[in-house]
>>> print(open('model.cif').read())   # mmCIF, C-alpha atoms
data_target
loop_
_atom_site.label_atom_id
_atom_site.label_comp_id
_atom_site.auth_asym_id
_atom_site.auth_seq_id
_atom_site.Cartn_x
_atom_site.Cartn_y
_atom_site.Cartn_z
CA MET A 1 -22.01 16.27 36.83
CA LYS A 2 -18.48 17.60 36.49
CA LYS A 3 -17.61 19.33 33.23
CA TYR A 4 -14.19 18.57 31.74
CA ARG A 5 -11.91 19.89 29.05
CA ILE A 6 -11.53 16.86 26.77
CA LEU A 7 -9.02 16.39 23.96
CA VAL A 8 -9.93 13.94 21.21
CA ALA A 9 -7.17 12.55 18.99
CA GLY A 10 -8.58 11.87 15.52
CA ALA A 11 -11.56 13.18 13.57
CA GLY A 12 -12.79 9.91 12.14
CA ILE A 13 -16.21 8.40 12.76
CA GLY A 14 -15.40 7.39 16.35
CA GLY A 15 -13.72 10.66 17.29
CA LEU A 16 -16.48 12.84 15.85
CA THR A 17 -19.23 10.79 17.49
CA ALA A 18 -17.52 10.83 20.88
CA ALA A 19 -16.93 14.57 20.59
CA SER A 20 -20.63 15.21 19.96
CA CYS A 21 -21.72 12.92 22.79
CA LEU A 22 -19.32 14.67 25.17
CA ALA A 23 -20.21 18.18 23.98
CA LYS A 24 -23.92 17.42 24.29
CA ALA A 25 -23.26 16.45 27.92
CA GLY A 26 -21.71 19.88 28.50
CA HIS A 27 -17.98 19.16 28.29
CA HIS A 28 -15.56 21.42 26.42
CA VAL A 29 -14.19 19.32 23.56
CA GLU A 30 -11.31 19.87 21.14
CA ILE A 31 -10.58 17.42 18.29
CA TYR A 32 -7.04 17.24 16.91
CA GLU A 33 -6.66 15.77 13.41
CA GLN A 34 -3.41 15.38 11.49
CA ALA A 35 -4.97 15.72 8.02
CA PRO A 36 -5.10 19.15 6.35
CA GLN A 37 -8.82 18.75 5.68
CA LEU A 38 -11.66 16.53 6.83
CA ALA A 39 -12.33 13.68 4.45
CA GLU A 40 -13.34 10.04 4.74
CA ILE A 41 -11.78 7.47 2.43
CA GLY A 42 -13.71 4.27 1.85
CA ALA A 43 -17.06 3.25 0.56
CA GLY A 44 -19.98 1.60 2.29
CA ILE A 45 -20.70 1.50 5.99
CA GLN A 46 -23.46 -0.21 7.95
CA ILE A 47 -25.30 1.28 10.90
CA SER A 48 -27.40 -1.21 12.83
CA ALA A 49 -29.79 -0.34 15.66
CA ASN A 50 -27.14 -0.61 18.38
CA ALA A 51 -25.28 2.35 16.83
CA MET A 52 -28.34 4.21 15.55
CA HIS A 53 -29.60 4.72 19.11
CA VAL A 54 -26.61 7.01 19.68
CA LEU A 55 -26.94 8.84 16.37
CA ARG A 56 -30.66 9.34 16.99
CA ASP A 57 -29.90 10.81 20.42
CA LEU A 58 -27.60 13.29 18.67
CA GLY A 59 -30.34 14.24 16.21
CA MET A 60 -28.82 12.63 13.11
CA GLU A 61 -31.15 9.73 12.35
CA GLN A 62 -33.27 11.57 9.79
CA SER A 63 -30.25 12.76 7.80
CA ILE A 64 -28.66 9.30 7.84
CA VAL A 65 -31.80 7.43 6.83
CA GLY A 66 -32.55 10.03 4.16
CA ILE A 67 -29.26 9.51 2.35
CA GLY A 68 -28.89 5.80 3.07
CA VAL A 69 -30.60 2.55 2.15
CA SER A 70 -32.61 0.23 4.39
CA PRO A 71 -31.83 -3.31 3.16
CA GLY A 72 -34.67 -5.80 3.18
CA ALA A 73 -32.59 -8.73 4.38
CA TYR A 74 -29.18 -10.25 4.98
CA VAL A 75 -28.74 -12.96 2.32
CA PHE A 76 -26.01 -15.63 2.17
CA ARG A 77 -25.51 -17.18 -1.30
CA LEU A 78 -23.27 -19.71 -2.99
CA HIS A 79 -20.56 -18.05 -5.02
CA ASP A 80 -21.37 -19.52 -8.44
CA THR A 81 -25.08 -20.39 -8.60
CA GLY A 82 -26.35 -17.68 -6.27
CA GLU A 83 -28.34 -20.30 -4.34
CA VAL A 84 -29.61 -18.80 -1.07
CA ILE A 85 -28.10 -20.67 1.88
CA GLN A 86 -29.63 -18.54 4.61
CA ARG A 87 -31.56 -15.30 4.89
CA PHE A 88 -32.74 -13.13 7.76
CA SER A 89 -34.88 -10.00 7.65
CA LEU A 90 -33.64 -6.49 8.30
CA SER A 91 -35.59 -3.33 7.39
CA GLU A 92 -38.91 -3.19 9.25
CA GLU A 93 -38.27 -6.32 11.31
CA HIS A 94 -34.94 -4.96 12.55
CA LYS A 95 -36.62 -1.70 13.55
CA LYS A 96 -39.48 -3.55 15.24
CA LEU A 97 -37.13 -5.79 17.23
CA HIS A 98 -34.59 -3.18 18.26
CA GLY A 99 -36.30 0.17 18.07
CA ALA A 100 -34.06 1.71 15.42
CA PRO A 101 -33.39 1.08 11.72
CA TYR A 102 -30.60 -0.73 9.90
CA THR A 103 -29.07 1.66 7.38
CA GLN A 104 -26.33 1.33 4.77
CA LEU A 105 -24.65 4.48 3.52
CA HIS A 106 -21.46 5.91 2.11
CA ARG A 107 -18.75 6.49 4.72
CA ALA A 108 -18.16 9.98 3.35
CA ASP A 109 -21.84 10.85 3.82
CA LEU A 110 -21.82 9.66 7.43
CA HIS A 111 -18.55 11.49 8.09
CA ASP A 112 -20.00 14.74 6.70
CA ILE A 113 -23.09 14.43 8.91
CA LEU A 114 -20.97 13.69 11.99
CA ALA A 115 -18.61 16.61 11.29
CA ALA A 116 -21.52 19.02 10.88
CA LYS A 117 -23.01 17.84 14.17
CA ALA A 118 -19.72 18.25 16.05
CA ARG A 119 -19.27 21.74 14.62
CA SER A 120 -22.80 22.67 15.66
CA PHE A 121 -21.55 22.56 19.27
CA ASP A 122 -18.44 24.61 18.43
CA PRO A 123 -17.50 25.79 14.91
CA ASN A 124 -13.82 25.43 15.86
CA ILE A 125 -14.10 22.03 17.53
CA VAL A 126 -11.90 20.37 14.86
CA ARG A 127 -8.26 21.51 14.73
CA LEU A 128 -6.64 20.32 11.48
CA ASN A 129 -2.93 19.88 10.67
CA HIS A 130 -2.11 18.60 14.17
CA LYS A 131 0.07 15.50 13.98
CA ILE A 132 0.23 13.91 17.44
CA VAL A 133 3.59 12.62 18.68
CA GLY A 134 2.70 11.81 22.29
CA PHE A 135 1.21 13.00 25.54
CA ASP A 136 2.18 13.71 29.15
CA GLU A 137 -0.10 13.33 32.14
CA ASN A 138 -0.17 13.97 35.85
CA GLY A 139 -2.73 14.34 38.60
CA SER A 140 -3.95 17.68 37.29
CA GLY A 141 -4.36 16.94 33.59
CA VAL A 142 -2.95 15.75 30.28
CA THR A 143 -0.86 17.56 27.67
CA LEU A 144 -1.00 16.48 24.03
CA ARG A 145 2.19 17.08 22.04
CA PHE A 146 2.30 17.78 18.30
CA ALA A 147 5.00 17.40 15.65
CA ASP A 148 5.34 21.17 15.21
CA GLY A 149 6.30 21.61 18.86
CA THR A 150 2.95 22.98 20.05
CA THR A 151 0.83 21.44 22.80
CA ALA A 152 -2.77 21.29 24.02
CA HIS A 153 -3.83 20.81 27.63
CA GLY A 154 -6.98 19.19 29.00
CA ASP A 155 -8.41 17.05 31.76
CA LEU A 156 -8.79 13.94 29.60
CA LEU A 157 -7.42 12.58 26.32
CA VAL A 158 -9.47 10.24 24.11
CA GLY A 159 -7.35 8.33 21.60
CA ALA A 160 -9.57 7.84 18.54
CA ASP A 161 -6.60 7.86 16.19
CA GLY A 162 -7.17 4.52 14.49
CA LEU A 163 -5.16 1.43 13.68
CA LYS A 164 -1.79 3.19 13.97
CA SER A 165 -2.74 5.03 17.13
CA VAL A 166 -0.02 7.10 18.80
CA VAL A 167 -2.10 7.25 21.97
CA ALA A 168 -2.51 3.46 22.10
CA ARG A 169 1.20 2.88 21.60
CA GLN A 170 1.96 5.07 24.61
CA ILE A 171 -0.67 3.44 26.83
CA VAL A 172 -0.15 -0.24 25.93
CA GLY A 173 2.98 -0.38 23.76
CA ASP A 174 3.16 -1.82 20.27
CA ILE A 175 0.10 -3.90 19.33
CA PRO A 176 1.12 -7.00 17.33
CA ALA A 177 -0.70 -7.35 14.01
CA GLN A 178 -0.82 -10.68 12.17
CA TYR A 179 -1.64 -10.85 8.47
CA THR A 180 -4.85 -12.85 8.06
CA GLY A 181 -4.07 -14.11 4.58
CA ASP A 182 -6.93 -11.98 3.24
CA ALA A 183 -7.16 -8.76 1.30
CA ALA A 184 -10.29 -6.72 0.67
CA TRP A 185 -11.07 -5.28 -2.74
CA ARG A 186 -13.31 -2.21 -2.82
CA ILE A 187 -15.18 -0.71 -5.74
CA VAL A 188 -18.28 1.49 -6.01
CA VAL A 189 -20.37 1.41 -9.19
CA PRO A 190 -23.26 3.67 -10.29
CA VAL A 191 -26.37 1.53 -10.53
CA ASP A 192 -27.26 2.88 -13.99
CA ARG A 193 -24.23 1.00 -15.34
CA LEU A 194 -25.62 -2.34 -14.16
CA PRO A 195 -28.04 -4.57 -16.09
CA PRO A 196 -31.76 -4.39 -15.22
CA GLU A 197 -31.70 -7.85 -13.62
CA ARG A 198 -29.42 -6.60 -10.83
CA LEU A 199 -29.33 -7.80 -7.22
CA GLU A 200 -32.29 -7.09 -4.97
CA GLN A 201 -31.95 -4.34 -2.35
CA THR A 202 -30.49 -6.55 0.34
CA MET A 203 -27.17 -7.23 1.98
CA SER A 204 -25.85 -9.94 -0.37
CA LEU A 205 -22.95 -12.20 0.60
CA PHE A 206 -21.56 -14.62 -1.97
CA LEU A 207 -19.61 -17.39 -0.22
CA GLY A 208 -17.01 -19.39 -2.03
CA PRO A 209 -13.78 -21.32 -1.71
CA GLY A 210 -11.07 -19.02 -0.42
CA GLY A 211 -13.07 -15.83 -0.44
CA HIS A 212 -16.40 -14.05 -0.29
CA ILE A 213 -18.09 -10.94 -1.63
CA VAL A 214 -20.36 -8.40 0.05
CA CYS A 215 -22.69 -6.27 -2.12
CA TYR A 216 -25.17 -3.61 -1.04
CA TYR A 217 -26.63 -0.31 -2.19
CA LEU A 218 -25.71 3.25 -1.17
CA ARG A 219 -27.07 6.78 -1.66
CA ALA A 220 -30.74 5.94 -1.88
CA GLY A 221 -29.97 3.05 -4.23
CA GLN A 222 -27.92 5.04 -6.75
CA LEU A 223 -24.61 3.25 -6.03
CA MET A 224 -23.60 -0.38 -5.63
CA ASN A 225 -20.93 -1.06 -3.01
CA PHE A 226 -18.74 -4.11 -3.64
CA VAL A 227 -16.24 -5.54 -1.16
CA GLY A 228 -14.44 -8.65 -2.35
CA LEU A 229 -12.42 -10.65 0.16
CA VAL A 230 -9.72 -12.88 -1.31
CA GLU A 231 -7.07 -15.13 0.19
CA THR A 232 -3.68 -14.08 -1.08
CA ASP A 233 0.01 -14.25 -0.17
CA GLU A 234 0.54 -10.83 -1.74
CA VAL A 235 0.67 -8.54 1.28
CA SER A 236 0.19 -4.86 0.50
CA GLU A 237 -0.26 -1.84 2.73
CA GLU A 238 -3.01 -1.77 5.35
CA SER A 239 -4.67 1.18 3.64
CA TRP A 240 -7.79 1.92 1.61
CA THR A 241 -5.77 4.13 -0.76
CA VAL A 242 -3.78 1.31 -2.40
CA LYS A 243 -4.86 0.76 -6.01
CA LEU A 244 -4.28 -2.50 -7.87
CA PRO A 245 -5.10 -3.51 -11.46
CA TRP A 246 -8.71 -4.18 -12.41
CA GLU A 247 -7.52 -7.25 -14.31
CA THR A 248 -6.25 -8.77 -11.06
CA LEU A 249 -9.64 -8.26 -9.42
CA LYS A 250 -11.44 -9.76 -12.40
CA ALA A 251 -9.20 -12.83 -12.43
CA TYR A 252 -9.75 -13.59 -8.74
CA TYR A 253 -13.47 -14.12 -9.31
CA ARG A 254 -13.38 -16.25 -12.41
CA GLY A 255 -16.29 -18.71 -12.20
CA TRP A 256 -18.34 -16.64 -9.75
CA HIS A 257 -21.96 -15.58 -10.29
CA PRO A 258 -22.83 -13.36 -13.29
CA ALA A 259 -24.15 -10.64 -10.93
CA VAL A 260 -20.67 -10.42 -9.41
CA HIS A 261 -19.05 -9.97 -12.80
CA ALA A 262 -21.64 -7.43 -13.89
CA ILE A 263 -20.47 -5.22 -11.02
CA ILE A 264 -16.77 -5.81 -11.68
CA ASP A 265 -17.22 -5.13 -15.41
CA ALA A 266 -19.01 -1.84 -14.68
CA ALA A 267 -16.28 -0.54 -12.36
CA ASP A 268 -13.89 2.27 -13.26
CA LYS A 269 -10.77 0.32 -14.09
CA ASP A 270 -8.46 2.83 -12.39
CA GLN A 271 -10.53 2.91 -9.18
CA CYS A 272 -9.98 -0.57 -7.76
CA TYR A 273 -8.61 -0.50 -4.21
CA ARG A 274 -7.28 -3.34 -2.08
CA TRP A 275 -6.56 -3.38 1.65
CA SER A 276 -4.51 -6.15 3.31
CA LEU A 277 -6.26 -7.32 6.47
CA PHE A 278 -4.45 -7.85 9.77
CA PHE A 279 -5.76 -9.39 13.00
CA ARG A 280 -5.07 -7.82 16.39
CA GLU A 281 -5.90 -9.55 19.66
CA PRO A 282 -8.28 -7.65 21.96
CA LEU A 283 -6.43 -5.47 24.46
CA SER A 284 -6.48 -6.18 28.20
CA ASN A 285 -6.27 -2.48 29.09
CA TRP A 286 -7.31 0.71 27.29
CA SER A 287 -6.55 3.44 29.80
CA SER A 288 -4.00 5.33 31.85
CA GLN A 289 -4.99 7.84 34.53
CA ARG A 290 -5.96 10.61 32.12
CA ALA A 291 -6.12 8.95 28.70
CA THR A 292 -8.20 6.21 27.12
CA LEU A 293 -8.83 4.59 23.75
CA LEU A 294 -11.85 4.37 21.48
CA GLY A 295 -12.74 2.68 18.20
CA ASP A 296 -10.02 1.00 16.12
CA SER A 297 -7.26 2.16 18.47
CA ALA A 298 -8.84 0.01 21.20
CA HIS A 299 -10.42 -2.89 19.30
CA ALA A 300 -9.50 -3.10 15.63
CA THR A 301 -11.73 -5.69 14.01
CA LEU A 302 -11.93 -7.57 10.74
CA PRO A 303 -14.85 -6.55 8.51
CA TYR A 304 -16.73 -9.86 8.74
CA LEU A 305 -19.50 -8.70 11.09
CA ALA A 306 -19.94 -5.12 9.79
CA GLN A 307 -19.55 -3.64 13.29
CA GLY A 308 -16.29 -1.66 13.29
CA ALA A 309 -17.90 1.77 13.07
CA ALA A 310 -20.82 0.71 15.27
CA MET A 311 -18.43 -0.24 18.08
CA ALA A 312 -16.71 3.15 17.89
CA ILE A 313 -20.08 4.90 18.02
CA GLU A 314 -21.11 2.81 21.04
CA ASP A 315 -17.80 3.67 22.76
CA GLY A 316 -18.47 7.41 22.64
CA ALA A 317 -21.86 7.05 24.29
CA VAL A 318 -20.65 4.73 27.06
CA LEU A 319 -17.60 6.91 27.81
CA THR A 320 -19.88 9.94 28.18
CA ARG A 321 -22.15 8.05 30.55
CA ALA A 322 -19.19 6.79 32.61
CA LEU A 323 -17.91 10.34 33.11
CA ALA A 324 -21.36 11.37 34.36
CA GLN A 325 -21.57 8.41 36.72
CA CYS A 326 -18.17 8.75 38.41
CA GLU A 327 -16.55 11.32 40.69
CA THR A 328 -13.08 11.14 39.11
CA ILE A 329 -11.67 10.64 35.63
CA PRO A 330 -9.57 7.55 36.51
CA GLU A 331 -12.66 5.93 38.04
CA ALA A 332 -14.71 6.80 34.94
CA LEU A 333 -12.12 5.36 32.56
CA GLN A 334 -12.11 2.07 34.44
CA LEU A 335 -15.92 1.95 34.38
CA TYR A 336 -15.89 2.71 30.66
CA GLN A 337 -13.41 0.03 29.66
CA ARG A 338 -14.86 -2.51 32.08
CA ASN A 339 -18.22 -2.17 30.35
CA ARG A 340 -16.85 -2.17 26.80
CA MET A 341 -14.06 -4.72 26.73
CA GLU A 342 -16.11 -7.92 26.86
CA ARG A 343 -18.55 -6.80 24.17
CA THR A 344 -15.92 -5.46 21.79
CA ALA A 345 -13.73 -8.54 22.27
CA ARG A 346 -16.71 -10.74 21.44
CA ILE A 347 -17.27 -8.81 18.22
CA VAL A 348 -13.58 -8.97 17.30
CA ASN A 349 -13.52 -12.73 17.90
CA GLN A 350 -16.83 -13.35 16.11
CA SER A 351 -15.56 -11.41 13.11
CA ASN A 352 -12.46 -13.58 13.09
CA PHE A 353 -14.64 -16.73 13.28
CA ASN A 354 -16.76 -15.49 10.37
CA ARG A 355 -13.64 -15.22 8.23
CA ASN A 356 -13.38 -19.01 8.34
CA LEU A 357 -17.14 -19.59 8.04
CA PHE A 358 -17.34 -17.48 4.87
CA HIS A 359 -14.35 -19.19 3.19
CA LEU A 360 -15.24 -22.86 3.49
CA ARG A 361 -13.80 -25.04 0.75
CA SER A 362 -16.87 -26.85 -0.53
CA GLN A 363 -20.54 -26.09 -1.06
CA ASP A 364 -21.52 -29.12 0.99
CA GLU A 365 -19.48 -27.79 3.90
CA ILE A 366 -21.07 -24.34 3.54
CA ARG A 367 -24.55 -25.88 3.59
CA ALA A 368 -23.68 -28.07 6.58
CA GLN A 369 -22.25 -25.24 8.67
CA PHE A 370 -25.11 -22.84 7.96
CA ALA A 371 -27.62 -25.60 8.75
CA LYS A 372 -26.23 -25.56 12.30
CA ARG A 373 -26.47 -21.76 12.64
CA ASP A 374 -29.23 -19.18 12.62
CA GLU A 375 -27.30 -15.98 11.92
CA GLY A 376 -30.32 -13.72 12.32
CA LYS A 377 -31.40 -15.20 15.65
CA ASP A 378 -27.86 -15.05 17.01
CA ARG A 379 -27.17 -11.44 16.00
CA ASN A 380 -30.58 -10.23 17.11
CA ALA A 381 -30.06 -11.85 20.52
CA TRP A 382 -26.86 -10.05 21.50
CA LEU A 383 -25.39 -7.85 18.78
CA TYR A 384 -28.17 -5.62 17.48
CA SER A 385 -30.17 -5.66 20.74
CA TYR A 386 -27.48 -3.75 22.67
CA ASN A 387 -28.34 -0.14 23.50
CA PRO A 388 -25.32 1.89 24.69
CA LEU A 389 -27.60 4.61 26.04
CA THR A 390 -29.47 2.33 28.44
CA VAL A 391 -27.26 -0.70 29.17
CA GLU A 392 -26.40 -0.88 32.86
CA LEU A 393 -22.86 0.26 33.66
CA ARG A 394 -21.21 -1.52 36.56
#
>>> encode(input="model.cif", output="structure tokens")
Amino acid sequence: MKKYRILVAGAGIGGLTAASCLAKAGHHVEIYEQAPQLAEIGAGIQISANAMHVLRDLGMEQSIVGIGVSPGAYVFRLHDTGEVIQRFSLSEEHKKLHGAPYTQLHRADLHDILAAKARSFDPNIVRLNHKIVGFDENGSGVTLRFADGTTAHGDLLVGADGLKSVVARQIVGDIPAQYTGDAAWRIVVPVDRLPPERLEQTMSLFLGPGGHIVCYYLRAGQLMNFVGLVETDEVSEESWTVKLPWETLKAYYRGWHPAVHAIIDAADKDQCYRWSLFFREPLSNWSSQRATLLGDSAHATLPYLAQGAAMAIEDGAVLTRALAQCETIPEALQLYQRNRMERTARIVNQSNFNRNLFHLRSQDEIRAQFAKRDEGKDRNAWLYSYNPLTVELR
């Protein structure tokens, strides 16, 4: 197998995972990150078996499971009464079906584990304070250009630089983003602030008119993660760092289940964040001759299937395998995107569909729609059963 000098744009979850996959395969990898220090903003993240296969192969499963939570089930409830509409097992059944666990953990914890793994291959693998402005490529390589006038040269560039990707803009042009009409509230609450009759250790979704809520535990059950999706005409920045008043959050969920309000009431009132959600159509191309995309830069998805990070993790493994399977980089990039585009587009579109499913206007309609669907059977059949380390590439 040929060994390449690979430049990775972005030190997020996708970039760090790809870097470790590539370094493990023997490539020389350099990660360029515009931030002055490594940090992950956000709260909960979900790692299902399809992504855990990759993390296990990199030797991280034990650390992730040790700091995370294995939820017993995925539970869909009505917004006000808490009535269970549908439930499917996770935990041991997920592991039995797919050969790896389902784990929920704090994004910052996962990011720390990934960064440590990448640095175990090369202590200097991450280069901070490098704001990318573009790249140049020819038959012999690719040159990454930075805002301070410096450059880096390699054989291949991987654009893992997120929703506002500079690499993607150069490969495919501007990617239109349409406001969904939804915004996502995010709060994290220490469990010791909640009443004893708190939610069971599951993935709980409360479904209601014009919105839904996702609740699950983090850090070995010490924290409760709350994501509240609301329909609103108030469009704010597409960023997890935007804070809005606690009173606004509280008012949105008037009439919802007492367990929901117990979490909202226990939140730090100056730590309520809201992200406006935008939909982007799946791309028809990810690559040039010497550059390709990965993660959100290639297939930004709405958070209604909990697979954004998992897709980025899968990408890194498949890209590494494609490079090993092909004689040239252009050939490998085509093999990579050919084997990722259909799956990632399906997840993007399914997430978009779930937005409507989770926001039905009446309880009768919710019951009727879920009576037609078996969410567990469907996801187990194609979503969680995928293994990026063994799936045939063609």
>>> resolve_selection(input="model.cif", expression="the PyMOL selection byres ((chain A and resi 181-185) around 8)", output="ChimeraX atom specification")
/A:179-180,186-187,226-233,235,249,272-277
>>> write_last_selection(input="model.cif", atoms="C-alpha atoms", output="mmCIF file, in the frame of the given file")
data_model
loop_
_atom_site.group_PDB
_atom_site.id
_atom_site.type_symbol
_atom_site.label_atom_id
_atom_site.label_comp_id
_atom_site.auth_asym_id
_atom_site.auth_seq_id
_atom_site.Cartn_x
_atom_site.Cartn_y
_atom_site.Cartn_z
ATOM 1 C CA TYR A 179 -1.640 -10.850 8.470
ATOM 2 C CA THR A 180 -4.850 -12.850 8.060
ATOM 3 C CA ARG A 186 -13.310 -2.210 -2.820
ATOM 4 C CA ILE A 187 -15.180 -0.710 -5.740
ATOM 5 C CA PHE A 226 -18.740 -4.110 -3.640
ATOM 6 C CA VAL A 227 -16.240 -5.540 -1.160
ATOM 7 C CA GLY A 228 -14.440 -8.650 -2.350
ATOM 8 C CA LEU A 229 -12.420 -10.650 0.160
ATOM 9 C CA VAL A 230 -9.720 -12.880 -1.310
ATOM 10 C CA GLU A 231 -7.070 -15.130 0.190
ATOM 11 C CA THR A 232 -3.680 -14.080 -1.080
ATOM 12 C CA ASP A 233 0.010 -14.250 -0.170
ATOM 13 C CA VAL A 235 0.670 -8.540 1.280
ATOM 14 C CA LEU A 249 -9.640 -8.260 -9.420
ATOM 15 C CA CYS A 272 -9.980 -0.570 -7.760
ATOM 16 C CA TYR A 273 -8.610 -0.500 -4.210
ATOM 17 C CA ARG A 274 -7.280 -3.340 -2.080
ATOM 18 C CA TRP A 275 -6.560 -3.380 1.650
ATOM 19 C CA SER A 276 -4.510 -6.150 3.310
ATOM 20 C CA LEU A 277 -6.260 -7.320 6.470
#
>>> closest_residue(input="model.cif", among="A:Met1, A:Val260, A:Leu207, A:Ala322", to="Phe358 (chain A)", atoms="only C-alpha atoms")
A:Leu207
>>> resolve_selection(input="model.cif", expression="the PyMOL selection byres ((chain A and resi 51) around 6)", output="list in words")
Ser48, Ala49, Asn50, Met52, His53, Val54, Ala310, Ile313 and Glu314 of chain A
>>> write_last_selection(input="model.cif", atoms="C-alpha atoms", output="mmCIF file, in the coordinates of the input")
data_model
loop_
_atom_site.group_PDB
_atom_site.id
_atom_site.type_symbol
_atom_site.label_atom_id
_atom_site.label_comp_id
_atom_site.auth_asym_id
_atom_site.auth_seq_id
_atom_site.Cartn_x
_atom_site.Cartn_y
_atom_site.Cartn_z
ATOM 1 C CA SER A 48 -27.400 -1.210 12.830
ATOM 2 C CA ALA A 49 -29.790 -0.340 15.660
ATOM 3 C CA ASN A 50 -27.140 -0.610 18.380
ATOM 4 C CA MET A 52 -28.340 4.210 15.550
ATOM 5 C CA HIS A 53 -29.600 4.720 19.110
ATOM 6 C CA VAL A 54 -26.610 7.010 19.680
ATOM 7 C CA ALA A 310 -20.820 0.710 15.270
ATOM 8 C CA ILE A 313 -20.080 4.900 18.020
ATOM 9 C CA GLU A 314 -21.110 2.810 21.040
#
>>> atom_distance(input="model.cif", atom1="CA of Arg127 (chain A)", atom2="CA of Tyr32 (chain A)")
4.9 Å
>>> resolve_selection(input="model.cif", expression="the PyMOL selection byres ((chain A and resi 151) around 12)", output="JSON list (two decimals) with C-alpha atoms, in the frame of the given file")
[["chain", "number", "residue", "atom", "x", "y", "z"],
["A", 7, "LEU", "CA", -9.02, 16.39, 23.96],
["A", 32, "TYR", "CA", -7.04, 17.24, 16.91],
["A", 130, "HIS", "CA", -2.11, 18.60, 14.17],
["A", 131, "LYS", "CA", 0.07, 15.50, 13.98],
["A", 132, "ILE", "CA", 0.23, 13.91, 17.44],
["A", 133, "VAL", "CA", 3.59, 12.62, 18.68],
["A", 134, "GLY", "CA", 2.70, 11.81, 22.29],
["A", 135, "PHE", "CA", 1.21, 13.00, 25.54],
["A", 136, "ASP", "CA", 2.18, 13.71, 29.15],
["A", 142, "VAL", "CA", -2.95, 15.75, 30.28],
["A", 143, "THR", "CA", -0.86, 17.56, 27.67],
["A", 144, "LEU", "CA", -1.00, 16.48, 24.03],
["A", 145, "ARG", "CA", 2.19, 17.08, 22.04],
["A", 146, "PHE", "CA", 2.30, 17.78, 18.30],
["A", 147, "ALA", "CA", 5.00, 17.40, 15.65],
["A", 148, "ASP", "CA", 5.34, 21.17, 15.21],
["A", 149, "GLY", "CA", 6.30, 21.61, 18.86],
["A", 150, "THR", "CA", 2.95, 22.98, 20.05],
["A", 152, "ALA", "CA", -2.77, 21.29, 24.02],
["A", 153, "HIS", "CA", -3.83, 20.81, 27.63],
["A", 154, "GLY", "CA", -6.98, 19.19, 29.00]]
>>> closest_residue(input="model.cif", among="A:Asp80, A:Glu234, A:Glu61, A:Asp364", to="His261 (chain A)", atoms="all atoms listed in the file")
A:Asp80
>>> closest_residue(input="model.cif", among="A:Phe76, A:Ile85, A:Gly44, A:Ala345", to="Ala368 (chain A)", atoms="all atoms listed in the file")
A:Ile85
>>> closest_residue(input="model.cif", among="A:Lys2, A:Arg367, A:His98, A:Arg77", to="Val214 (chain A)", atoms="all atoms listed in the file")
A:Arg77
>>> closest_residue(input="model.cif", among="A:Gly10, A:Ala25, A:Ala259, A:Trp246", to="Ala324 (chain A)", atoms="all atoms listed in the file")
A:Ala25
>>> closest_residue(input="model.cif", among="A:Asp161, A:Asp155, A:Glu40, A:Asp270", to="Tyr4 (chain A)", atoms="only C-alpha atoms")
A:Asp155
>>> residues_around(input="model.cif", residues="Leu105 (chain A)", least_positions_apart="2", cutoff="9 Å", atoms="all atoms listed in the file", output="list of chain:residue names")
A:Ala43, A:Gly44, A:Ile45, A:Gln46, A:Ile47, A:Ile64, A:Val65, A:Ile67, A:Gly68, A:Val69, A:Thr103, A:Arg107, A:Ala108, A:Asp109, A:Leu110, A:Tyr217, A:Leu218, A:Arg219, A:Ala220
>>> residues_around(input="model.cif", residues="region 374-384 of chain A", least_positions_apart="5", cutoff="12 Å", atoms="all atoms listed in the file", output="JSON, numbers by chain")
{"A": [46, 47, 48, 49, 50, 51, 52, 53, 73, 74, 75, 76, 85, 86, 87, 88, 89, 90, 93, 94, 95, 96, 97, 98, 99, 100, 101, 102, 305, 306, 307, 310, 311, 314, 343, 344, 346, 347, 348, 350, 351, 354, 357, 369]}
>>> axis_aligned_box(input="model.cif", around="region 201-204 of chain A", padding_each_side="8 Å", output="JSON")
{"center_x": -28.9, "center_y": -7.1, "center_z": -0.2, "size_x": 22.1, "size_y": 21.6, "size_z": 20.3}
>>> build_atoms(input="model.cif", residues="region 117-121 of chain A", atoms="N, CA, C and O atoms", output="PDB file, in the frame of the given file")
ATOM      1  N   LYS A 117     -22.453  17.891  12.824  1.00  0.00           N
ATOM      2  CA  LYS A 117     -23.010  17.840  14.170  1.00  0.00           C
ATOM      3  C   LYS A 117     -21.990  18.314  15.197  1.00  0.00           C
ATOM      4  O   LYS A 117     -22.314  19.118  16.089  1.00  0.00           O
ATOM      5  N   ALA A 118     -20.761  17.823  15.102  1.00  0.00           N
ATOM      6  CA  ALA A 118     -19.720  18.250  16.050  1.00  0.00           C
ATOM      7  C   ALA A 118     -19.514  19.755  15.988  1.00  0.00           C
ATOM      8  O   ALA A 118     -19.401  20.434  17.026  1.00  0.00           O
ATOM      9  N   ARG A 119     -19.489  20.303  14.788  1.00  0.00           N
ATOM     10  CA  ARG A 119     -19.270  21.740  14.620  1.00  0.00           C
ATOM     11  C   ARG A 119     -20.471  22.565  15.053  1.00  0.00           C
ATOM     12  O   ARG A 119     -20.349  23.769  15.290  1.00  0.00           O
ATOM     13  N   SER A 120     -21.630  21.930  15.163  1.00  0.00           N
ATOM     14  CA  SER A 120     -22.800  22.670  15.660  1.00  0.00           C
ATOM     15  C   SER A 120     -22.637  23.006  17.140  1.00  0.00           C
ATOM     16  O   SER A 120     -23.247  23.964  17.628  1.00  0.00           O
ATOM     17  N   PHE A 121     -21.831  22.245  17.870  1.00  0.00           N
ATOM     18  CA  PHE A 121     -21.550  22.560  19.270  1.00  0.00           C
ATOM     19  C   PHE A 121     -20.484  23.637  19.386  1.00  0.00           C
ATOM     20  O   PHE A 121     -20.513  24.442  20.310  1.00  0.00           O
TER      21      PHE A 121
END
